[in-house]
Amino acid sequence: MNHAIEIKDLTKKYGQILALKSITLNVPVGTIYGLIGPNGAGKTTLIKALVGAVKPSSGHLNVLGMNPINDKWALRQKIGYMPQSAALYEDLSAKQNILFFGKAQKIENLNQKTDEVLQFVELTDRANDLVRNFSGGMKKRVSLCCALIHSPEILFLDEPTAAIDPHLKLQSWNLFRKLANSGVTLFISTHLMDEAMHCDKVTILMNGEIIAVDTPQKIIESGKTVLTIKDNGVITTRTIASTPEGLANELLKLGLRASITEISATPDTIENIVLNIIKKNQIH
């Protein structure tokens, strides 16, 4: 099986509201696949459809060779789901929360596996502390443990790093990469555009429609780079394509004269590029 997820012409309506419009995409096994878009783009609806929590209005879904609605219970043994808001029991410890979810899955060697996932997310020292005393970022890590306890083949993460500090965010993405390297497929939604750079492939969603699908590098190359050049003390700027070829061609034109003492390149940020893509689609 080359694709962990296959979606074709998926549509979801809530009354007169069209939340998803003919979504088609494939997610390769063992990759980090990013679903990027502003709040209200349809990201959560798509994830809920993939985990069987929402029934599509039309279209086809295939997750690990199963239909999320018809094969809901069999599929839930193979997937992990971390919702946007941590679904934890505040009056239980981190370990007790994980044990609770593990018992629901009837997992063998549960205590050992609980210790392993706590170690994986670096929460061993806080295992017996009540969740109510945890920061938002630490609660997300406990929630990740609960999603991982049954060793899923696919992990669905809805805004997993929203509202956490930069250090914990970096730690989280390091954990996600370790999981992908072990063969787990991660499907991650986020409104934080810069997080696209951590993904292997990205789909940009707006108003329930796909407006772009590509690798982060290709998305970056669709932007522009501003070259600032100091020649004989005179500073000029030029805007070029953000591709290796674009930079090489411009340097070739300059001829690398001895009088050119400084060249700096400032490419568009991924956030600006994604926002420009969204704006262009809003105009059309």
# chains A, B, ... in the order shown; residues from 1 in each chain; ligands from 1
$ select_by_dssp --residues "region 70-228 of chain A" --states "helix (DSSP H, G or I)" --output "ChimeraX atom specification"
/A:72-76,94-104,110-120,124-126,131-133,136-148,166-181,193-198,216-221
$ write_last_selection --atoms "C-alpha atoms" --output "mmCIF file, in the first residue's frame"
data_model
loop_
_atom_site.group_PDB
_atom_site.id
_atom_site.type_symbol
_atom_site.label_atom_id
_atom_site.label_comp_id
_atom_site.auth_asym_id
_atom_site.auth_seq_id
_atom_site.Cartn_x
_atom_site.Cartn_y
_atom_site.Cartn_z
ATOM 1 C CA LYS A 72 -15.022 2.647 12.076
ATOM 2 C CA TRP A 73 -14.227 0.248 14.908
ATOM 3 C CA ALA A 74 -11.592 -1.738 13.032
ATOM 4 C CA LEU A 75 -9.942 1.473 11.850
ATOM 5 C CA ARG A 76 -9.788 2.980 15.326
ATOM 6 C CA ALA A 94 -0.560 12.133 33.284
ATOM 7 C CA LYS A 95 0.070 8.413 33.706
ATOM 8 C CA GLN A 96 -3.478 7.711 34.894
ATOM 9 C CA ASN A 97 -4.885 9.469 31.831
ATOM 10 C CA ILE A 98 -2.765 7.349 29.502
ATOM 11 C CA LEU A 99 -3.641 4.148 31.374
ATOM 12 C CA PHE A 100 -7.336 5.024 31.098
ATOM 13 C CA PHE A 101 -7.165 5.372 27.303
ATOM 14 C CA GLY A 102 -4.946 2.300 27.064
ATOM 15 C CA LYS A 103 -7.422 0.133 28.990
ATOM 16 C CA ALA A 104 -10.168 1.230 26.601
ATOM 17 C CA LEU A 110 -0.024 -1.468 29.274
ATOM 18 C CA ASN A 111 2.156 -0.265 32.163
ATOM 19 C CA GLN A 112 5.326 -0.842 30.177
ATOM 20 C CA LYS A 113 3.958 0.886 27.084
ATOM 21 C CA THR A 114 2.726 3.807 29.183
ATOM 22 C CA ASP A 115 6.217 4.288 30.599
ATOM 23 C CA GLU A 116 7.646 4.099 27.077
ATOM 24 C CA VAL A 117 5.396 6.802 25.617
ATOM 25 C CA LEU A 118 5.988 9.042 28.643
ATOM 26 C CA GLN A 119 9.717 8.672 28.071
ATOM 27 C CA PHE A 120 9.269 9.337 24.345
ATOM 28 C CA THR A 124 8.679 10.703 32.841
ATOM 29 C CA ASP A 125 9.532 13.110 35.674
ATOM 30 C CA ARG A 126 5.965 14.488 35.678
ATOM 31 C CA VAL A 131 -2.886 17.204 34.642
ATOM 32 C CA ARG A 132 -4.652 20.280 36.084
ATOM 33 C CA ASN A 133 -1.216 21.581 37.110
ATOM 34 C CA GLY A 136 -1.050 23.946 27.789
ATOM 35 C CA GLY A 137 2.008 22.555 26.015
ATOM 36 C CA MET A 138 2.459 19.753 28.534
ATOM 37 C CA LYS A 139 -1.221 18.832 28.267
ATOM 38 C CA LYS A 140 -0.741 18.501 24.515
ATOM 39 C CA ARG A 141 2.135 16.093 25.138
ATOM 40 C CA VAL A 142 -0.039 13.988 27.441
ATOM 41 C CA SER A 143 -2.733 14.038 24.759
ATOM 42 C CA LEU A 144 -0.116 12.860 22.257
ATOM 43 C CA CYS A 145 0.737 9.965 24.590
ATOM 44 C CA CYS A 146 -2.925 8.960 24.689
ATOM 45 C CA ALA A 147 -3.015 8.964 20.888
ATOM 46 C CA LEU A 148 0.181 6.887 20.692
ATOM 47 C CA PRO A 166 8.787 27.905 20.761
ATOM 48 C CA HIS A 167 10.941 25.400 22.686
ATOM 49 C CA LEU A 168 8.079 22.946 23.176
ATOM 50 C CA LYS A 169 7.020 23.488 19.571
ATOM 51 C CA LEU A 170 10.489 22.477 18.345
ATOM 52 C CA GLN A 171 10.463 19.447 20.658
ATOM 53 C CA SER A 172 7.063 18.442 19.283
ATOM 54 C CA TRP A 173 8.221 18.552 15.673
ATOM 55 C CA ASN A 174 11.303 16.534 16.573
ATOM 56 C CA LEU A 175 8.981 13.901 18.046
ATOM 57 C CA PHE A 176 6.795 13.960 14.921
ATOM 58 C CA ARG A 177 9.846 13.378 12.720
ATOM 59 C CA LYS A 178 10.968 10.446 14.878
ATOM 60 C CA LEU A 179 7.533 8.895 14.461
ATOM 61 C CA ALA A 180 7.606 9.372 10.682
ATOM 62 C CA ASN A 181 11.090 7.837 10.521
ATOM 63 C CA MET A 193 2.100 28.826 8.064
ATOM 64 C CA ASP A 194 5.760 28.479 9.073
ATOM 65 C CA GLU A 195 5.085 24.928 10.260
ATOM 66 C CA ALA A 196 4.699 23.870 6.623
ATOM 67 C CA MET A 197 8.505 23.744 6.451
ATOM 68 C CA HIS A 198 8.508 20.735 8.801
ATOM 69 C CA PRO A 216 7.400 23.132 1.174
ATOM 70 C CA GLN A 217 10.476 23.802 -0.986
ATOM 71 C CA LYS A 218 8.389 24.176 -4.150
ATOM 72 C CA ILE A 219 6.017 26.518 -2.326
ATOM 73 C CA ILE A 220 8.993 28.633 -1.197
ATOM 74 C CA GLU A 221 10.275 28.728 -4.781
#
$ residues_around --residues "Leu20 (chain A)" --least-positions-apart "2" --cutoff "12 Å" --atoms "only C-alpha atoms" --output "compact mmCIF listing (two decimals) with N, CA and C atoms, in the first residue's frame"
# COMPACT_ATOMS: atom_id res chain seq x y z
N ILE A 7 -8.29 10.20 -0.79
CA ILE A 7 -9.53 10.99 -0.76
C ILE A 7 -9.88 11.40 -2.18
N LYS A 8 -11.13 11.18 -2.57
CA LYS A 8 -11.55 11.54 -3.92
C LYS A 8 -12.92 12.22 -3.88
N ASP A 9 -12.95 13.45 -4.37
CA ASP A 9 -14.19 14.22 -4.52
C ASP A 9 -15.01 14.28 -3.22
N LEU A 10 -14.32 14.48 -2.11
CA LEU A 10 -14.99 14.53 -0.81
C LEU A 10 -15.70 15.87 -0.60
N THR A 11 -16.99 15.79 -0.28
CA THR A 11 -17.79 16.98 0.00
C THR A 11 -18.53 16.78 1.32
N LYS A 12 -18.60 17.85 2.12
CA LYS A 12 -19.34 17.81 3.37
C LYS A 12 -20.17 19.09 3.51
N LYS A 13 -21.48 18.91 3.69
CA LYS A 13 -22.39 20.03 3.89
C LYS A 13 -22.97 19.99 5.29
N TYR A 14 -23.09 21.17 5.90
CA TYR A 14 -23.84 21.35 7.14
C TYR A 14 -25.01 22.27 6.81
N GLN A 16 -26.93 24.50 4.69
CA GLN A 16 -26.59 25.25 3.48
C GLN A 16 -25.09 25.57 3.40
N ILE A 17 -24.36 25.24 4.47
CA ILE A 17 -22.93 25.55 4.52
C ILE A 17 -22.12 24.42 3.89
N LEU A 18 -21.30 24.75 2.90
CA LEU A 18 -20.44 23.77 2.24
C LEU A 18 -19.07 23.83 2.91
N SER A 22 -15.35 18.99 -2.81
CA SER A 22 -14.68 18.10 -3.77
C SER A 22 -13.18 17.98 -3.49
N ILE A 23 -12.85 17.58 -2.26
CA ILE A 23 -11.45 17.41 -1.87
C ILE A 23 -10.90 16.11 -2.46
N THR A 24 -9.75 16.19 -3.11
CA THR A 24 -9.06 15.01 -3.64
C THR A 24 -7.59 15.12 -3.29
N GLY A 40 -11.23 28.15 10.11
CA GLY A 40 -12.47 28.09 9.35
C GLY A 40 -12.29 27.57 7.93
N ALA A 41 -11.09 27.11 7.59
CA ALA A 41 -10.82 26.64 6.22
C ALA A 41 -11.43 25.27 5.95
N GLY A 42 -11.73 24.52 7.02
CA GLY A 42 -12.27 23.17 6.85
C GLY A 42 -11.34 22.07 7.31
N LYS A 43 -10.23 22.45 7.96
CA LYS A 43 -9.22 21.48 8.37
C LYS A 43 -9.76 20.46 9.37
N THR A 44 -10.44 20.95 10.41
CA THR A 44 -10.96 20.06 11.44
C THR A 44 -12.05 19.15 10.87
N THR A 45 -12.89 19.68 10.00
CA THR A 45 -13.94 18.85 9.37
C THR A 45 -13.31 17.72 8.58
N LEU A 46 -12.23 18.01 7.85
CA LEU A 46 -11.58 16.97 7.06
C LEU A 46 -10.99 15.89 7.96
N ILE A 47 -10.33 16.29 9.04
CA ILE A 47 -9.76 15.30 9.95
C ILE A 47 -10.86 14.45 10.59
N LYS A 48 -11.95 15.09 11.00
CA LYS A 48 -13.06 14.33 11.60
C LYS A 48 -13.66 13.34 10.61
N ALA A 49 -13.70 13.71 9.34
CA ALA A 49 -14.18 12.77 8.32
C ALA A 49 -13.23 11.58 8.19
N VAL A 54 -17.22 12.25 11.39
CA VAL A 54 -18.15 13.01 10.56
C VAL A 54 -18.41 12.21 9.29
N LYS A 55 -19.69 12.09 8.92
CA LYS A 55 -20.05 11.36 7.70
C LYS A 55 -20.05 12.31 6.52
N PRO A 56 -19.28 12.01 5.47
CA PRO A 56 -19.26 12.89 4.29
C PRO A 56 -20.62 12.94 3.60
N SER A 57 -20.89 14.06 2.94
CA SER A 57 -22.12 14.19 2.16
C SER A 57 -22.00 13.42 0.84
N SER A 58 -20.78 13.39 0.28
CA SER A 58 -20.51 12.62 -0.93
C SER A 58 -19.00 12.45 -1.08
N GLY A 59 -18.61 11.58 -2.01
CA GLY A 59 -17.20 11.34 -2.24
C GLY A 59 -16.73 10.05 -1.61
N LEU A 205 -5.55 24.73 2.29
CA LEU A 205 -7.01 24.68 2.23
C LEU A 205 -7.58 26.05 2.54
N MET A 206 -8.59 26.47 1.79
CA MET A 206 -9.28 27.73 2.04
C MET A 206 -10.75 27.57 1.69
N ASN A 207 -11.61 27.94 2.63
CA ASN A 207 -13.06 27.86 2.41
C ASN A 207 -13.48 26.48 1.91
N GLY A 208 -12.85 25.43 2.46
CA GLY A 208 -13.23 24.07 2.12
C GLY A 208 -12.70 23.56 0.80
N GLU A 209 -11.83 24.35 0.14
CA GLU A 209 -11.28 23.95 -1.15
C GLU A 209 -9.76 23.87 -1.09
N ILE A 210 -9.19 22.93 -1.84
CA ILE A 210 -7.75 22.86 -1.98
C ILE A 210 -7.30 23.90 -3.00
$ closest_residue --among "A:Asp214, A:Thr269, A:Ile263, A:Ile278" --to "Arg238 (chain A)" --atoms "only C-alpha atoms"
A:Ile263
$ residues_around --residues "Lys201 (chain A)" --least-positions-apart "2" --cutoff "6 Å" --atoms "only C-alpha atoms" --output "PyMOL selection string"
chain A and resi 33+199+214-215
$ atom_distance --atom1 "CA of Asn62 (chain A)" --atom2 "CA of Ile277 (chain A)"
28.6 Å
$ select_by_dssp --residues "region 144-246 of chain A" --states "strand (DSSP E)" --output "number ranges by chain"
A: 154-158, 185-190, 201-206, 209-214, 224-231, 234-241
$ decode --residues "region 58-92 of chain A" --atoms "N, CA and C atoms" --output "PDB file, in the first residue's frame"
ATOM      1  N   SER A  58     -20.781  13.386   0.281  1.00  0.00           N
ATOM      2  CA  SER A  58     -20.514  12.621  -0.935  1.00  0.00           C
ATOM      3  C   SER A  58     -19.005  12.455  -1.080  1.00  0.00           C
ATOM      4  N   GLY A  59     -18.614  11.581  -2.013  1.00  0.00           N
ATOM      5  CA  GLY A  59     -17.202  11.338  -2.242  1.00  0.00           C
ATOM      6  C   GLY A  59     -16.730  10.046  -1.611  1.00  0.00           C
ATOM      7  N   HIS A  60     -15.431   9.786  -1.754  1.00  0.00           N
ATOM      8  CA  HIS A  60     -14.859   8.524  -1.283  1.00  0.00           C
ATOM      9  C   HIS A  60     -13.659   8.779  -0.374  1.00  0.00           C
ATOM     10  N   LEU A  61     -13.592   7.989   0.703  1.00  0.00           N
ATOM     11  CA  LEU A  61     -12.481   8.040   1.651  1.00  0.00           C
ATOM     12  C   LEU A  61     -11.922   6.635   1.851  1.00  0.00           C
ATOM     13  N   ASN A  62     -10.596   6.562   1.903  1.00  0.00           N
ATOM     14  CA  ASN A  62      -9.940   5.288   2.163  1.00  0.00           C
ATOM     15  C   ASN A  62      -8.780   5.550   3.112  1.00  0.00           C
ATOM     16  N   VAL A  63      -8.845   4.977   4.306  1.00  0.00           N
ATOM     17  CA  VAL A  63      -7.778   5.132   5.294  1.00  0.00           C
ATOM     18  C   VAL A  63      -7.267   3.745   5.664  1.00  0.00           C
ATOM     19  N   LEU A  64      -6.013   3.475   5.314  1.00  0.00           N
ATOM     20  CA  LEU A  64      -5.419   2.150   5.530  1.00  0.00           C
ATOM     21  C   LEU A  64      -6.288   1.052   4.898  1.00  0.00           C
ATOM     22  N   GLY A  65      -6.836   1.359   3.748  1.00  0.00           N
ATOM     23  CA  GLY A  65      -7.641   0.381   3.030  1.00  0.00           C
ATOM     24  C   GLY A  65      -9.045   0.198   3.569  1.00  0.00           C
ATOM     25  N   MET A  66      -9.460   1.074   4.491  1.00  0.00           N
ATOM     26  CA  MET A  66     -10.778   0.947   5.115  1.00  0.00           C
ATOM     27  C   MET A  66     -11.592   2.221   4.950  1.00  0.00           C
ATOM     28  N   ASN A  67     -12.916   2.053   5.018  1.00  0.00           N
ATOM     29  CA  ASN A  67     -13.835   3.176   4.993  1.00  0.00           C
ATOM     30  C   ASN A  67     -14.044   3.662   6.428  1.00  0.00           C
ATOM     31  N   PRO A  68     -13.757   4.951   6.707  1.00  0.00           N
ATOM     32  CA  PRO A  68     -13.834   5.441   8.086  1.00  0.00           C
ATOM     33  C   PRO A  68     -15.211   5.317   8.742  1.00  0.00           C
ATOM     34  N   ILE A  69     -16.276   5.275   7.945  1.00  0.00           N
ATOM     35  CA  ILE A  69     -17.621   5.124   8.508  1.00  0.00           C
ATOM     36  C   ILE A  69     -17.995   3.650   8.632  1.00  0.00           C
ATOM     37  N   ASN A  70     -17.881   2.899   7.555  1.00  0.00           N
ATOM     38  CA  ASN A  70     -18.288   1.486   7.562  1.00  0.00           C
ATOM     39  C   ASN A  70     -17.366   0.617   8.410  1.00  0.00           C
ATOM     40  N   ASP A  71     -16.076   0.978   8.446  1.00  0.00           N
ATOM     41  CA  ASP A  71     -15.089   0.177   9.186  1.00  0.00           C
ATOM     42  C   ASP A  71     -14.573   0.926  10.411  1.00  0.00           C
ATOM     43  N   LYS A  72     -15.430   1.738  11.004  1.00  0.00           N
ATOM     44  CA  LYS A  72     -15.022   2.647  12.076  1.00  0.00           C
ATOM     45  C   LYS A  72     -14.266   1.949  13.207  1.00  0.00           C
ATOM     46  N   TRP A  73     -14.818   0.868  13.721  1.00  0.00           N
ATOM     47  CA  TRP A  73     -14.227   0.248  14.908  1.00  0.00           C
ATOM     48  C   TRP A  73     -12.925  -0.469  14.591  1.00  0.00           C
ATOM     49  N   ALA A  74     -12.847  -1.089  13.434  1.00  0.00           N
ATOM     50  CA  ALA A  74     -11.592  -1.738  13.032  1.00  0.00           C
ATOM     51  C   ALA A  74     -10.515  -0.686  12.777  1.00  0.00           C
ATOM     52  N   LEU A  75     -10.907   0.427  12.177  1.00  0.00           N
ATOM     53  CA  LEU A  75      -9.942   1.473  11.850  1.00  0.00           C
ATOM     54  C   LEU A  75      -9.394   2.142  13.108  1.00  0.00           C
ATOM     55  N   ARG A  76     -10.238   2.292  14.115  1.00  0.00           N
ATOM     56  CA  ARG A  76      -9.788   2.980  15.326  1.00  0.00           C
ATOM     57  C   ARG A  76      -8.690   2.229  16.076  1.00  0.00           C
ATOM     58  N   GLN A  77      -8.538   0.944  15.778  1.00  0.00           N
ATOM     59  CA  GLN A  77      -7.434   0.185  16.368  1.00  0.00           C
ATOM     60  C   GLN A  77      -6.095   0.550  15.720  1.00  0.00           C
ATOM     61  N   LYS A  78      -6.157   1.191  14.545  1.00  0.00           N
ATOM     62  CA  LYS A  78      -4.950   1.443  13.773  1.00  0.00           C
ATOM     63  C   LYS A  78      -4.585   2.921  13.656  1.00  0.00           C
ATOM     64  N   ILE A  79      -5.457   3.795  14.164  1.00  0.00           N
ATOM     65  CA  ILE A  79      -5.182   5.228  14.050  1.00  0.00           C
ATOM     66  C   ILE A  79      -5.162   5.889  15.430  1.00  0.00           C
ATOM     67  N   GLY A  80      -4.426   6.987  15.516  1.00  0.00           N
ATOM     68  CA  GLY A  80      -4.432   7.819  16.717  1.00  0.00           C
ATOM     69  C   GLY A  80      -4.957   9.194  16.357  1.00  0.00           C
ATOM     70  N   TYR A  81      -5.703   9.787  17.272  1.00  0.00           N
ATOM     71  CA  TYR A  81      -6.311  11.096  17.001  1.00  0.00           C
ATOM     72  C   TYR A  81      -6.078  12.015  18.180  1.00  0.00           C
ATOM     73  N   MET A  82      -5.435  13.149  17.909  1.00  0.00           N
ATOM     74  CA  MET A  82      -5.198  14.160  18.931  1.00  0.00           C
ATOM     75  C   MET A  82      -6.002  15.391  18.551  1.00  0.00           C
ATOM     76  N   PRO A  83      -7.126  15.643  19.218  1.00  0.00           N
ATOM     77  CA  PRO A  83      -7.976  16.776  18.864  1.00  0.00           C
ATOM     78  C   PRO A  83      -7.321  18.112  19.215  1.00  0.00           C
ATOM     79  N   GLN A  84      -7.912  19.180  18.714  1.00  0.00           N
ATOM     80  CA  GLN A  84      -7.363  20.521  18.920  1.00  0.00           C
ATOM     81  C   GLN A  84      -7.310  20.887  20.398  1.00  0.00           C
ATOM     82  N   SER A  85      -8.350  20.552  21.142  1.00  0.00           N
ATOM     83  CA  SER A  85      -8.368  20.770  22.587  1.00  0.00           C
ATOM     84  C   SER A  85      -8.100  19.453  23.285  1.00  0.00           C
ATOM     85  N   ALA A  86      -7.114  19.440  24.183  1.00  0.00           N
ATOM     86  CA  ALA A  86      -6.734  18.205  24.860  1.00  0.00           C
ATOM     87  C   ALA A  86      -7.920  17.601  25.618  1.00  0.00           C
ATOM     88  N   ALA A  87      -8.298  16.369  25.280  1.00  0.00           N
ATOM     89  CA  ALA A  87      -9.420  15.683  25.931  1.00  0.00           C
ATOM     90  C   ALA A  87      -8.869  14.821  27.062  1.00  0.00           C
ATOM     91  N   LEU A  88      -8.580  15.456  28.188  1.00  0.00           N
ATOM     92  CA  LEU A  88      -7.952  14.787  29.317  1.00  0.00           C
ATOM     93  C   LEU A  88      -8.777  14.978  30.584  1.00  0.00           C
ATOM     94  N   TYR A  89      -8.543  14.099  31.560  1.00  0.00           N
ATOM     95  CA  TYR A  89      -9.194  14.209  32.866  1.00  0.00           C
ATOM     96  C   TYR A  89      -8.270  15.000  33.788  1.00  0.00           C
ATOM     97  N   GLU A  90      -8.692  16.208  34.133  1.00  0.00           N
ATOM     98  CA  GLU A  90      -7.850  17.131  34.884  1.00  0.00           C
ATOM     99  C   GLU A  90      -7.518  16.621  36.282  1.00  0.00           C
ATOM    100  N   ASP A  91      -8.400  15.797  36.862  1.00  0.00           N
ATOM    101  CA  ASP A  91      -8.169  15.325  38.235  1.00  0.00           C
ATOM    102  C   ASP A  91      -7.382  14.029  38.287  1.00  0.00           C
ATOM    103  N   LEU A  92      -6.877  13.578  37.131  1.00  0.00           N
ATOM    104  CA  LEU A  92      -6.011  12.407  37.082  1.00  0.00           C
ATOM    105  C   LEU A  92      -4.595  12.841  36.726  1.00  0.00           C
TER     106      LEU A  92
END
